[in-house]
>>> print(open('start-v8.pdb').read())   # PDB, N, CA and C atoms
ATOM      1  N   MET A   1     193.167 117.571 206.792
ATOM      2  CA  MET A   1     194.427 118.136 206.345
ATOM      3  C   MET A   1     195.324 118.412 207.537
ATOM      4  N   LEU A   2     196.598 118.165 207.357
ATOM      5  CA  LEU A   2     197.577 118.500 208.378
ATOM      6  C   LEU A   2     198.164 119.871 208.059
ATOM      7  N   GLU A   3     198.352 120.661 209.074
ATOM      8  CA  GLU A   3     198.806 122.039 208.873
ATOM      9  C   GLU A   3     200.288 122.231 209.200
ATOM     10  N   GLY A   4     200.942 121.233 209.776
ATOM     11  CA  GLY A   4     202.309 121.381 210.245
ATOM     12  C   GLY A   4     203.320 121.575 209.130
ATOM     13  N   LYS A   5     204.482 122.057 209.534
ATOM     14  CA  LYS A   5     205.579 122.258 208.598
ATOM     15  C   LYS A   5     206.270 120.929 208.325
ATOM     16  N   ALA A   6     206.649 120.707 207.075
ATOM     17  CA  ALA A   6     207.380 119.498 206.714
ATOM     18  C   ALA A   6     208.789 119.579 207.294
ATOM     19  N   VAL A   7     209.214 118.473 207.906
ATOM     20  CA  VAL A   7     210.549 118.387 208.492
ATOM     21  C   VAL A   7     211.278 117.240 207.812
ATOM     22  N   VAL A   8     212.366 117.574 207.130
ATOM     23  CA  VAL A   8     213.146 116.560 206.428
ATOM     24  C   VAL A   8     214.016 115.822 207.434
ATOM     25  N   GLN A   9     213.892 114.502 207.446
ATOM     26  CA  GLN A   9     214.697 113.666 208.332
ATOM     27  C   GLN A   9     216.006 113.267 207.638
ATOM     28  N   GLU A  10     215.905 112.927 206.343
ATOM     29  CA  GLU A  10     217.067 112.462 205.572
ATOM     30  C   GLU A  10     216.766 112.666 204.087
ATOM     31  N   THR A  11     217.767 113.098 203.329
ATOM     32  CA  THR A  11     217.575 113.268 201.889
ATOM     33  C   THR A  11     218.910 113.354 201.169
ATOM     34  N   ASP A  12     218.876 113.028 199.890
ATOM     35  CA  ASP A  12     219.993 113.345 198.998
ATOM     36  C   ASP A  12     219.451 113.968 197.716
ATOM     37  N   MET A  13     218.202 114.405 197.761
ATOM     38  CA  MET A  13     217.522 115.018 196.623
ATOM     39  C   MET A  13     217.951 116.468 196.441
ATOM     40  N   PRO A  14     218.004 116.933 195.188
ATOM     41  CA  PRO A  14     218.217 118.366 194.958
ATOM     42  C   PRO A  14     217.080 119.180 195.598
ATOM     43  N   ASP A  15     217.379 120.401 195.982
ATOM     44  CA  ASP A  15     216.401 121.251 196.669
ATOM     45  C   ASP A  15     215.092 121.401 195.897
ATOM     46  N   GLU A  16     215.182 121.526 194.570
ATOM     47  CA  GLU A  16     213.989 121.728 193.759
ATOM     48  C   GLU A  16     213.045 120.533 193.858
ATOM     49  N   LEU A  17     213.601 119.321 193.824
ATOM     50  CA  LEU A  17     212.778 118.127 193.946
ATOM     51  C   LEU A  17     212.209 118.002 195.353
ATOM     52  N   GLN A  18     212.991 118.380 196.352
ATOM     53  CA  GLN A  18     212.483 118.361 197.724
ATOM     54  C   GLN A  18     211.259 119.266 197.854
ATOM     55  N   SER A  19     211.372 120.465 197.320
ATOM     56  CA  SER A  19     210.242 121.404 197.380
ATOM     57  C   SER A  19     209.023 120.839 196.668
ATOM     58  N   HIS A  20     209.263 120.236 195.502
ATOM     59  CA  HIS A  20     208.159 119.682 194.723
ATOM     60  C   HIS A  20     207.466 118.545 195.470
ATOM     61  N   VAL A  21     208.226 117.622 196.040
ATOM     62  CA  VAL A  21     207.606 116.484 196.719
ATOM     63  C   VAL A  21     206.839 116.942 197.958
ATOM     64  N   MET A  22     207.352 117.940 198.656
ATOM     65  CA  MET A  22     206.628 118.429 199.835
ATOM     66  C   MET A  22     205.355 119.162 199.428
ATOM     67  N   GLU A  23     205.409 119.891 198.335
ATOM     68  CA  GLU A  23     204.203 120.544 197.803
ATOM     69  C   GLU A  23     203.161 119.489 197.431
ATOM     70  N   LEU A  24     203.592 118.412 196.781
ATOM     71  CA  LEU A  24     202.678 117.327 196.426
ATOM     72  C   LEU A  24     202.103 116.645 197.662
ATOM     73  N   ALA A  25     202.907 116.519 198.707
ATOM     74  CA  ALA A  25     202.417 115.911 199.949
ATOM     75  C   ALA A  25     201.279 116.748 200.529
ATOM     76  N   TYR A  26     201.442 118.066 200.551
ATOM     77  CA  TYR A  26     200.375 118.935 201.053
ATOM     78  C   TYR A  26     199.127 118.848 200.164
ATOM     79  N   GLN A  27     199.322 118.794 198.851
ATOM     80  CA  GLN A  27     198.179 118.645 197.946
ATOM     81  C   GLN A  27     197.448 117.337 198.217
ATOM     82  N   ALA A  28     198.208 116.249 198.368
ATOM     83  CA  ALA A  28     197.614 114.940 198.625
ATOM     84  C   ALA A  28     196.849 114.934 199.942
ATOM     85  N   LEU A  29     197.396 115.602 200.948
ATOM     86  CA  LEU A  29     196.714 115.680 202.245
ATOM     87  C   LEU A  29     195.431 116.498 202.152
ATOM     88  N   ASP A  30     195.402 117.485 201.258
ATOM     89  CA  ASP A  30     194.174 118.251 201.027
ATOM     90  C   ASP A  30     193.121 117.427 200.303
ATOM     91  N   LEU A  31     193.562 116.576 199.376
ATOM     92  CA  LEU A  31     192.641 115.807 198.540
ATOM     93  C   LEU A  31     192.102 114.537 199.208
ATOM     94  N   HIS A  32     192.854 113.970 200.145
ATOM     95  CA  HIS A  32     192.505 112.667 200.717
ATOM     96  C   HIS A  32     192.429 112.749 202.238
ATOM     97  N   GLU A  33     191.696 111.825 202.809
ATOM     98  CA  GLU A  33     191.646 111.703 204.262
ATOM     99  C   GLU A  33     193.039 111.363 204.774
ATOM    100  N   VAL A  34     193.410 111.897 205.909
ATOM    101  CA  VAL A  34     194.736 111.643 206.481
ATOM    102  C   VAL A  34     194.930 110.149 206.726
ATOM    103  N   SER A  35     193.865 109.446 207.020
ATOM    104  CA  SER A  35     193.957 108.006 207.288
ATOM    105  C   SER A  35     194.140 107.173 206.017
ATOM    106  N   ASP A  36     193.932 107.777 204.843
ATOM    107  CA  ASP A  36     194.028 107.048 203.573
ATOM    108  C   ASP A  36     195.454 107.145 203.015
ATOM    109  N   CYS A  37     196.380 106.497 203.699
ATOM    110  CA  CYS A  37     197.798 106.573 203.337
ATOM    111  C   CYS A  37     198.065 106.051 201.934
ATOM    112  N   GLN A  38     197.323 105.022 201.520
ATOM    113  CA  GLN A  38     197.542 104.444 200.189
ATOM    114  C   GLN A  38     197.226 105.458 199.088
ATOM    115  N   SER A  39     196.125 106.181 199.210
ATOM    116  CA  SER A  39     195.767 107.181 198.197
ATOM    117  C   SER A  39     196.737 108.359 198.192
ATOM    118  N   ILE A  40     197.196 108.760 199.368
ATOM    119  CA  ILE A  40     198.168 109.847 199.473
ATOM    120  C   ILE A  40     199.461 109.443 198.768
ATOM    121  N   ALA A  41     199.941 108.235 199.055
ATOM    122  CA  ALA A  41     201.173 107.743 198.439
ATOM    123  C   ALA A  41     201.016 107.600 196.926
ATOM    124  N   HIS A  42     199.875 107.082 196.487
ATOM    125  CA  HIS A  42     199.634 106.904 195.052
ATOM    126  C   HIS A  42     199.647 108.254 194.332
ATOM    127  N   TYR A  43     199.035 109.271 194.920
ATOM    128  CA  TYR A  43     198.998 110.602 194.323
ATOM    129  C   TYR A  43     200.422 111.142 194.113
ATOM    130  N   ILE A  44     201.246 111.064 195.153
ATOM    131  CA  ILE A  44     202.619 111.575 195.067
ATOM    132  C   ILE A  44     203.417 110.787 194.037
ATOM    133  N   LYS A  45     203.320 109.466 194.079
ATOM    134  CA  LYS A  45     204.040 108.602 193.131
ATOM    135  C   LYS A  45     203.644 108.922 191.686
ATOM    136  N   GLN A  46     202.346 109.037 191.444
ATOM    137  CA  GLN A  46     201.848 109.307 190.095
ATOM    138  C   GLN A  46     202.373 110.649 189.582
ATOM    139  N   LYS A  47     202.327 111.679 190.415
ATOM    140  CA  LYS A  47     202.789 113.009 189.993
ATOM    141  C   LYS A  47     204.298 113.026 189.738
ATOM    142  N   PHE A  48     205.061 112.315 190.569
ATOM    143  CA  PHE A  48     206.506 112.260 190.352
ATOM    144  C   PHE A  48     206.845 111.441 189.109
ATOM    145  N   ASP A  49     206.127 110.358 188.863
ATOM    146  CA  ASP A  49     206.332 109.584 187.635
ATOM    147  C   ASP A  49     206.065 110.445 186.403
ATOM    148  N   GLU A  50     205.016 111.266 186.449
ATOM    149  CA  GLU A  50     204.687 112.141 185.321
ATOM    150  C   GLU A  50     205.753 113.215 185.122
ATOM    151  N   ALA A  51     206.238 113.779 186.199
ATOM    152  CA  ALA A  51     207.187 114.890 186.107
ATOM    153  C   ALA A  51     208.617 114.438 185.827
ATOM    154  N   TYR A  52     209.019 113.291 186.410
ATOM    155  CA  TYR A  52     210.427 112.892 186.353
ATOM    156  C   TYR A  52     210.636 111.468 185.843
ATOM    157  N   ARG A  53     209.666 110.931 185.156
ATOM    158  CA  ARG A  53     209.707 109.573 184.602
ATOM    159  C   ARG A  53     209.733 108.498 185.691
ATOM    160  N   PRO A  54     209.140 107.349 185.391
ATOM    161  CA  PRO A  54     209.122 106.235 186.363
ATOM    162  C   PRO A  54     210.537 105.725 186.636
ATOM    163  N   ALA A  55     210.787 105.020 187.672
ATOM    164  CA  ALA A  55     209.869 104.386 188.591
ATOM    165  C   ALA A  55     210.092 104.926 190.006
ATOM    166  N   TRP A  56     209.217 105.841 190.412
ATOM    167  CA  TRP A  56     209.259 106.404 191.750
ATOM    168  C   TRP A  56     208.440 105.527 192.680
ATOM    169  N   HIS A  57     208.818 105.551 193.946
ATOM    170  CA  HIS A  57     208.095 104.806 194.971
ATOM    171  C   HIS A  57     207.793 105.766 196.105
ATOM    172  N   CYS A  58     206.639 105.557 196.731
ATOM    173  CA  CYS A  58     206.239 106.422 197.828
ATOM    174  C   CYS A  58     205.582 105.577 198.909
ATOM    175  N   VAL A  59     206.019 105.778 200.139
ATOM    176  CA  VAL A  59     205.430 105.113 201.296
ATOM    177  C   VAL A  59     204.980 106.213 202.248
ATOM    178  N   VAL A  60     203.745 106.095 202.719
ATOM    179  CA  VAL A  60     203.202 107.077 203.651
ATOM    180  C   VAL A  60     202.605 106.327 204.828
ATOM    181  N   GLY A  61     202.887 106.797 206.023
ATOM    182  CA  GLY A  61     202.335 106.156 207.212
ATOM    183  C   GLY A  61     202.683 106.937 208.455
ATOM    184  N   LYS A  62     202.360 106.330 209.590
ATOM    185  CA  LYS A  62     202.571 107.019 210.861
ATOM    186  C   LYS A  62     203.779 106.521 211.628
ATOM    187  N   ASP A  63     204.255 105.337 211.346
ATOM    188  CA  ASP A  63     205.416 104.822 212.063
ATOM    189  C   ASP A  63     205.879 103.560 211.357
ATOM    190  N   PHE A  64     206.868 103.680 210.503
ATOM    191  CA  PHE A  64     207.335 102.523 209.747
ATOM    192  C   PHE A  64     208.845 102.580 209.593
ATOM    193  N   GLY A  65     209.423 101.454 209.311
ATOM    194  CA  GLY A  65     210.845 101.370 209.032
ATOM    195  C   GLY A  65     211.042 100.921 207.601
ATOM    196  N   SER A  66     212.262 101.072 207.112
ATOM    197  CA  SER A  66     212.531 100.649 205.743
ATOM    198  C   SER A  66     214.012 100.369 205.569
ATOM    199  N   CYS A  67     214.304  99.567 204.583
ATOM    200  CA  CYS A  67     215.667  99.311 204.152
ATOM    201  C   CYS A  67     215.589  99.203 202.632
ATOM    202  N   ILE A  68     216.065 100.221 201.948
ATOM    203  CA  ILE A  68     215.886 100.298 200.503
ATOM    204  C   ILE A  68     217.205 100.604 199.816
ATOM    205  N   THR A  69     217.235 100.379 198.512
ATOM    206  CA  THR A  69     218.293 100.921 197.669
ATOM    207  C   THR A  69     217.625 101.920 196.744
ATOM    208  N   HIS A  70     218.337 102.967 196.408
ATOM    209  CA  HIS A  70     217.755 104.017 195.575
ATOM    210  C   HIS A  70     218.836 104.647 194.717
ATOM    211  N   LEU A  71     218.394 105.330 193.692
ATOM    212  CA  LEU A  71     219.309 106.083 192.847
ATOM    213  C   LEU A  71     219.797 107.315 193.597
ATOM    214  N   CYS A  72     221.051 107.649 193.433
ATOM    215  CA  CYS A  72     221.606 108.841 194.064
ATOM    216  C   CYS A  72     220.818 110.067 193.621
ATOM    217  N   GLY A  73     220.506 110.923 194.574
ATOM    218  CA  GLY A  73     219.775 112.148 194.265
ATOM    219  C   GLY A  73     218.288 111.969 194.172
ATOM    220  N   SER A  74     217.759 110.824 194.617
ATOM    221  CA  SER A  74     216.321 110.574 194.450
ATOM    222  C   SER A  74     215.635 110.127 195.741
ATOM    223  N   PHE A  75     216.236 110.373 196.886
ATOM    224  CA  PHE A  75     215.702 109.876 198.151
ATOM    225  C   PHE A  75     215.339 111.020 199.078
ATOM    226  N   ILE A  76     214.157 110.908 199.693
ATOM    227  CA  ILE A  76     213.788 111.839 200.760
ATOM    228  C   ILE A  76     212.892 111.112 201.756
ATOM    229  N   PHE A  77     213.132 111.395 203.027
ATOM    230  CA  PHE A  77     212.280 110.919 204.106
ATOM    231  C   PHE A  77     211.954 112.138 204.951
ATOM    232  N   PHE A  78     210.658 112.472 205.037
ATOM    233  CA  PHE A  78     210.253 113.654 205.797
ATOM    234  C   PHE A  78     208.944 113.384 206.509
ATOM    235  N   ARG A  79     208.609 114.277 207.406
ATOM    236  CA  ARG A  79     207.341 114.130 208.120
ATOM    237  C   ARG A  79     206.596 115.449 208.130
ATOM    238  N   VAL A  80     205.276 115.325 208.160
ATOM    239  CA  VAL A  80     204.381 116.453 208.364
ATOM    240  C   VAL A  80     203.525 116.049 209.553
ATOM    241  N   GLU A  81     203.750 116.723 210.677
ATOM    242  CA  GLU A  81     203.148 116.340 211.947
ATOM    243  C   GLU A  81     203.410 114.863 212.209
ATOM    244  N   MET A  82     202.357 114.027 212.298
ATOM    245  CA  MET A  82     202.591 112.616 212.628
ATOM    246  C   MET A  82     202.722 111.717 211.396
ATOM    247  N   MET A  83     202.562 112.281 210.200
ATOM    248  CA  MET A  83     202.654 111.486 208.975
ATOM    249  C   MET A  83     204.086 111.482 208.446
ATOM    250  N   GLU A  84     204.562 110.290 208.081
ATOM    251  CA  GLU A  84     205.902 110.149 207.509
ATOM    252  C   GLU A  84     205.797 109.837 206.024
ATOM    253  N   PHE A  85     206.724 110.387 205.241
ATOM    254  CA  PHE A  85     206.752 110.220 203.796
ATOM    255  C   PHE A  85     208.134 109.747 203.378
ATOM    256  N   LEU A  86     208.173 108.666 202.633
ATOM    257  CA  LEU A  86     209.408 108.147 202.057
ATOM    258  C   LEU A  86     209.203 108.106 200.548
ATOM    259  N   VAL A  87     210.032 108.835 199.816
ATOM    260  CA  VAL A  87     209.923 108.888 198.358
ATOM    261  C   VAL A  87     211.310 108.618 197.792
ATOM    262  N   PHE A  88     211.377 107.715 196.818
ATOM    263  CA  PHE A  88     212.661 107.378 196.219
ATOM    264  C   PHE A  88     212.440 106.769 194.845
ATOM    265  N   LYS A  89     213.519 106.719 194.083
ATOM    266  CA  LYS A  89     213.487 106.127 192.753
ATOM    267  C   LYS A  89     214.528 105.032 192.698
ATOM    268  N   ASP A  90     214.177 103.925 192.061
ATOM    269  CA  ASP A  90     215.165 102.872 191.860
ATOM    270  C   ASP A  90     215.324 102.641 190.374
ATOM    271  N   GLY A  91     216.344 101.909 189.997
ATOM    272  CA  GLY A  91     216.525 101.624 188.584
ATOM    273  C   GLY A  91     217.961 101.580 188.163
ATOM    274  N   LYS A  92     218.350 102.551 187.323
ATOM    275  CA  LYS A  92     219.637 102.521 186.649
ATOM    276  C   LYS A  92     220.802 102.950 187.529
ATOM    277  N   ASP A  93     221.913 103.150 186.867
ATOM    278  CA  ASP A  93     223.174 103.542 187.479
ATOM    279  C   ASP A  93     223.050 104.824 188.295
ATOM    280  N   CYS A  94     223.659 104.817 189.440
ATOM    281  CA  CYS A  94     223.611 105.919 190.386
ATOM    282  C   CYS A  94     224.173 107.224 189.821
ATOM    283  N   THR A  95     225.184 107.176 189.014
ATOM    284  CA  THR A  95     225.811 108.396 188.524
ATOM    285  C   THR A  95     224.933 109.129 187.524
ATOM    286  N   GLU A  96     224.060 108.405 186.839
ATOM    287  CA  GLU A  96     223.188 109.050 185.861
ATOM    288  C   GLU A  96     221.973 109.709 186.503
ATOM    289  N   SER A  97     221.480 109.180 187.589
ATOM    290  CA  SER A  97     220.175 109.568 188.098
ATOM    291  C   SER A  97     220.076 111.021 188.535
ATOM    292  N   LYS A  98     221.057 111.538 189.246
ATOM    293  CA  LYS A  98     220.961 112.904 189.735
ATOM    294  C   LYS A  98     220.921 113.879 188.567
ATOM    295  N   GLU A  99     221.767 113.657 187.567
ATOM    296  CA  GLU A  99     221.770 114.518 186.394
ATOM    297  C   GLU A  99     220.442 114.403 185.645
ATOM    298  N   GLU A 100     219.904 113.183 185.549
ATOM    299  CA  GLU A 100     218.612 112.996 184.891
ATOM    300  C   GLU A 100     217.514 113.726 185.634
ATOM    301  N   ALA A 101     217.498 113.601 186.950
ATOM    302  CA  ALA A 101     216.457 114.251 187.751
ATOM    303  C   ALA A 101     216.527 115.764 187.603
ATOM    304  N   VAL A 102     217.718 116.326 187.685
ATOM    305  CA  VAL A 102     217.878 117.765 187.540
ATOM    306  C   VAL A 102     217.521 118.187 186.117
ATOM    307  N   GLY A 103     217.930 117.405 185.127
ATOM    308  CA  GLY A 103     217.597 117.704 183.733
ATOM    309  C   GLY A 103     216.094 117.684 183.486
ATOM    310  N   MET A 104     215.419 116.695 184.050
ATOM    311  CA  MET A 104     213.959 116.607 183.899
ATOM    312  C   MET A 104     213.289 117.788 184.583
ATOM    313  N   LEU A 105     213.791 118.209 185.745
ATOM    314  CA  LEU A 105     213.244 119.360 186.450
ATOM    315  C   LEU A 105     213.405 120.612 185.599
ATOM    316  N   GLN A 106     214.589 120.805 185.016
ATOM    317  CA  GLN A 106     214.821 121.970 184.177
ATOM    318  C   GLN A 106     213.927 121.971 182.957
ATOM    319  N   LYS A 107     213.723 120.803 182.340
ATOM    320  CA  LYS A 107     212.818 120.709 181.186
ATOM    321  C   LYS A 107     211.399 121.065 181.565
ATOM    322  N   SER A 108     210.943 120.592 182.733
ATOM    323  CA  SER A 108     209.561 120.860 183.145
ATOM    324  C   SER A 108     209.379 122.336 183.472
ATOM    325  N   GLN A 109     210.414 122.990 184.029
ATOM    326  CA  GLN A 109     210.324 124.406 184.329
ATOM    327  C   GLN A 109     210.275 125.236 183.048
ATOM    328  N   LYS A 110     210.992 124.832 182.000
ATOM    329  CA  LYS A 110     210.964 125.556 180.738
ATOM    330  C   LYS A 110     209.626 125.382 180.038
ATOM    331  N   ALA A 111     209.004 124.217 180.226
ATOM    332  CA  ALA A 111     207.715 123.940 179.584
ATOM    333  C   ALA A 111     206.578 124.677 180.260
ATOM    334  N   ASP A 112     206.734 125.031 181.544
ATOM    335  CA  ASP A 112     205.692 125.741 182.297
ATOM    336  C   ASP A 112     206.110 127.197 182.516
ATOM    337  N   PRO A 113     205.812 128.081 181.544
ATOM    338  CA  PRO A 113     206.253 129.479 181.672
ATOM    339  C   PRO A 113     205.547 130.213 182.775
TER     340      PRO A 113
END
>>> encode(input="start-v8.pdb", output="structure tokens")
Amino acid sequence: MLEGKAVVQETDMPDELQSHVMELAYQALDLHEVSDCQSIAHYIKQKFDEAYRPAWHCVVGKDFGSCITHLCGSFIFFRVEMMEFLVFKDGKDCTESKEEAVGMLQKSQKADP
């Protein structure tokens, strides 16, 4: 497990989703070996798909580059010590996604008293 604080490099995600994805990253790091980037990424992707509907993507590694397109309000790139996390959603129109993500977050919060 890595103990360091998550440092956001770039994001356009609402604060609530940022907190959730970082919490999931710490959970994944507790559940899997730090070297098992594929399992860590799969865990985060699966949990975000369940909470906010598909299709989320997650990349985890120690030093990688990317060039992606994503829905507005669904992108975050952060690191925990030497591990980097890229989480984003692709799909429909950009103007709908942020409202959908926030709406799904609000629904999940009401369902979990």
>>> residues_around(input="start-v8.pdb", residues="Phe75 of chain A", least_positions_apart="2", cutoff="6 Å", atoms="all atoms listed in the file", output="list in words")
Glu10, Thr11, Asp12, Met13, Leu71, Cys72, Gly73, Phe77, Val87, Phe88 and Lys89 of chain A
>>> axis_aligned_box(input="start-v8.pdb", around="segment 8-27 of chain A", padding_each_side="6 Å", output="AutoDock Vina command-line options")
--center_x 208.7 --center_y 117.1 --center_z 201.0 --size_x 34.5 --size_y 21.3 --size_z 26.6
>>> select_by_dssp(input="start-v8.pdb", residues="segment 23-89 of chain A", states="strand (DSSP E or B)", output="PyMOL selection string")
chain A and resi 56-61+76-80+83-89
>>> residues_around(input="start-v8.pdb", residues="segment 52-68 of chain A", least_positions_apart="6", cutoff="5 Å", atoms="only N, CA and C atoms", output="number ranges by chain")
A: 41, 82-90
>>> atom_distance(input="start-v8.pdb", atom1="atom CA of Ser39 of chain A", atom2="atom CA of Ala51 of chain A")
18.3 Å
>>> atom_distance(input="start-v8.pdb", atom1="atom C of Leu29 of chain A", atom2="atom C of Glu81 of chain A")
12.9 Å
>>> build_atoms(input="start-v8.pdb", residues="segment 2-18 of chain A", atoms="N, CA, C and O atoms", output="tab-separated table (two decimals), in the frame of the given file")
chain	number	residue	atom	x	y	z
A	2	LEU	N	196.60	118.16	207.36
A	2	LEU	CA	197.58	118.50	208.38
A	2	LEU	C	198.16	119.87	208.06
A	2	LEU	O	198.44	120.19	206.91
A	3	GLU	N	198.35	120.66	209.07
A	3	GLU	CA	198.81	122.04	208.87
A	3	GLU	C	200.29	122.23	209.20
A	3	GLU	O	200.83	123.29	208.97
A	4	GLY	N	200.94	121.23	209.78
A	4	GLY	CA	202.31	121.38	210.24
A	4	GLY	C	203.32	121.58	209.13
A	4	GLY	O	203.06	121.29	207.97
A	5	LYS	N	204.48	122.06	209.53
A	5	LYS	CA	205.58	122.26	208.60
A	5	LYS	C	206.27	120.93	208.32
A	5	LYS	O	206.46	120.12	209.22
A	6	ALA	N	206.65	120.71	207.08
A	6	ALA	CA	207.38	119.50	206.71
A	6	ALA	C	208.79	119.58	207.29
A	6	ALA	O	209.46	120.60	207.19
A	7	VAL	N	209.21	118.47	207.91
A	7	VAL	CA	210.55	118.39	208.49
A	7	VAL	C	211.28	117.24	207.81
A	7	VAL	O	210.86	116.09	207.90
A	8	VAL	N	212.37	117.57	207.13
A	8	VAL	CA	213.15	116.56	206.43
A	8	VAL	C	214.02	115.82	207.43
A	8	VAL	O	214.78	116.45	208.18
A	9	GLN	N	213.89	114.50	207.45
A	9	GLN	CA	214.70	113.67	208.33
A	9	GLN	C	216.01	113.27	207.64
A	9	GLN	O	217.05	113.23	208.26
A	10	GLU	N	215.90	112.93	206.34
A	10	GLU	CA	217.07	112.46	205.57
A	10	GLU	C	216.77	112.67	204.09
A	10	GLU	O	215.65	112.43	203.64
A	11	THR	N	217.77	113.10	203.33
A	11	THR	CA	217.58	113.27	201.89
A	11	THR	C	218.91	113.35	201.17
A	11	THR	O	219.92	113.71	201.77
A	12	ASP	N	218.88	113.03	199.89
A	12	ASP	CA	219.99	113.34	199.00
A	12	ASP	C	219.45	113.97	197.72
A	12	ASP	O	220.14	114.07	196.72
A	13	MET	N	218.20	114.40	197.76
A	13	MET	CA	217.52	115.02	196.62
A	13	MET	C	217.95	116.47	196.44
A	13	MET	O	218.17	117.17	197.43
A	14	PRO	N	218.00	116.93	195.19
A	14	PRO	CA	218.22	118.37	194.96
A	14	PRO	C	217.08	119.18	195.60
A	14	PRO	O	215.95	118.70	195.72
A	15	ASP	N	217.38	120.40	195.98
A	15	ASP	CA	216.40	121.25	196.67
A	15	ASP	C	215.09	121.40	195.90
A	15	ASP	O	214.01	121.42	196.49
A	16	GLU	N	215.18	121.53	194.57
A	16	GLU	CA	213.99	121.73	193.76
A	16	GLU	C	213.04	120.53	193.86
A	16	GLU	O	211.83	120.70	193.94
A	17	LEU	N	213.60	119.32	193.82
A	17	LEU	CA	212.78	118.13	193.95
A	17	LEU	C	212.21	118.00	195.35
A	17	LEU	O	211.05	117.60	195.52
A	18	GLN	N	212.99	118.38	196.35
A	18	GLN	CA	212.48	118.36	197.72
A	18	GLN	C	211.26	119.27	197.85
A	18	GLN	O	210.24	118.87	198.42
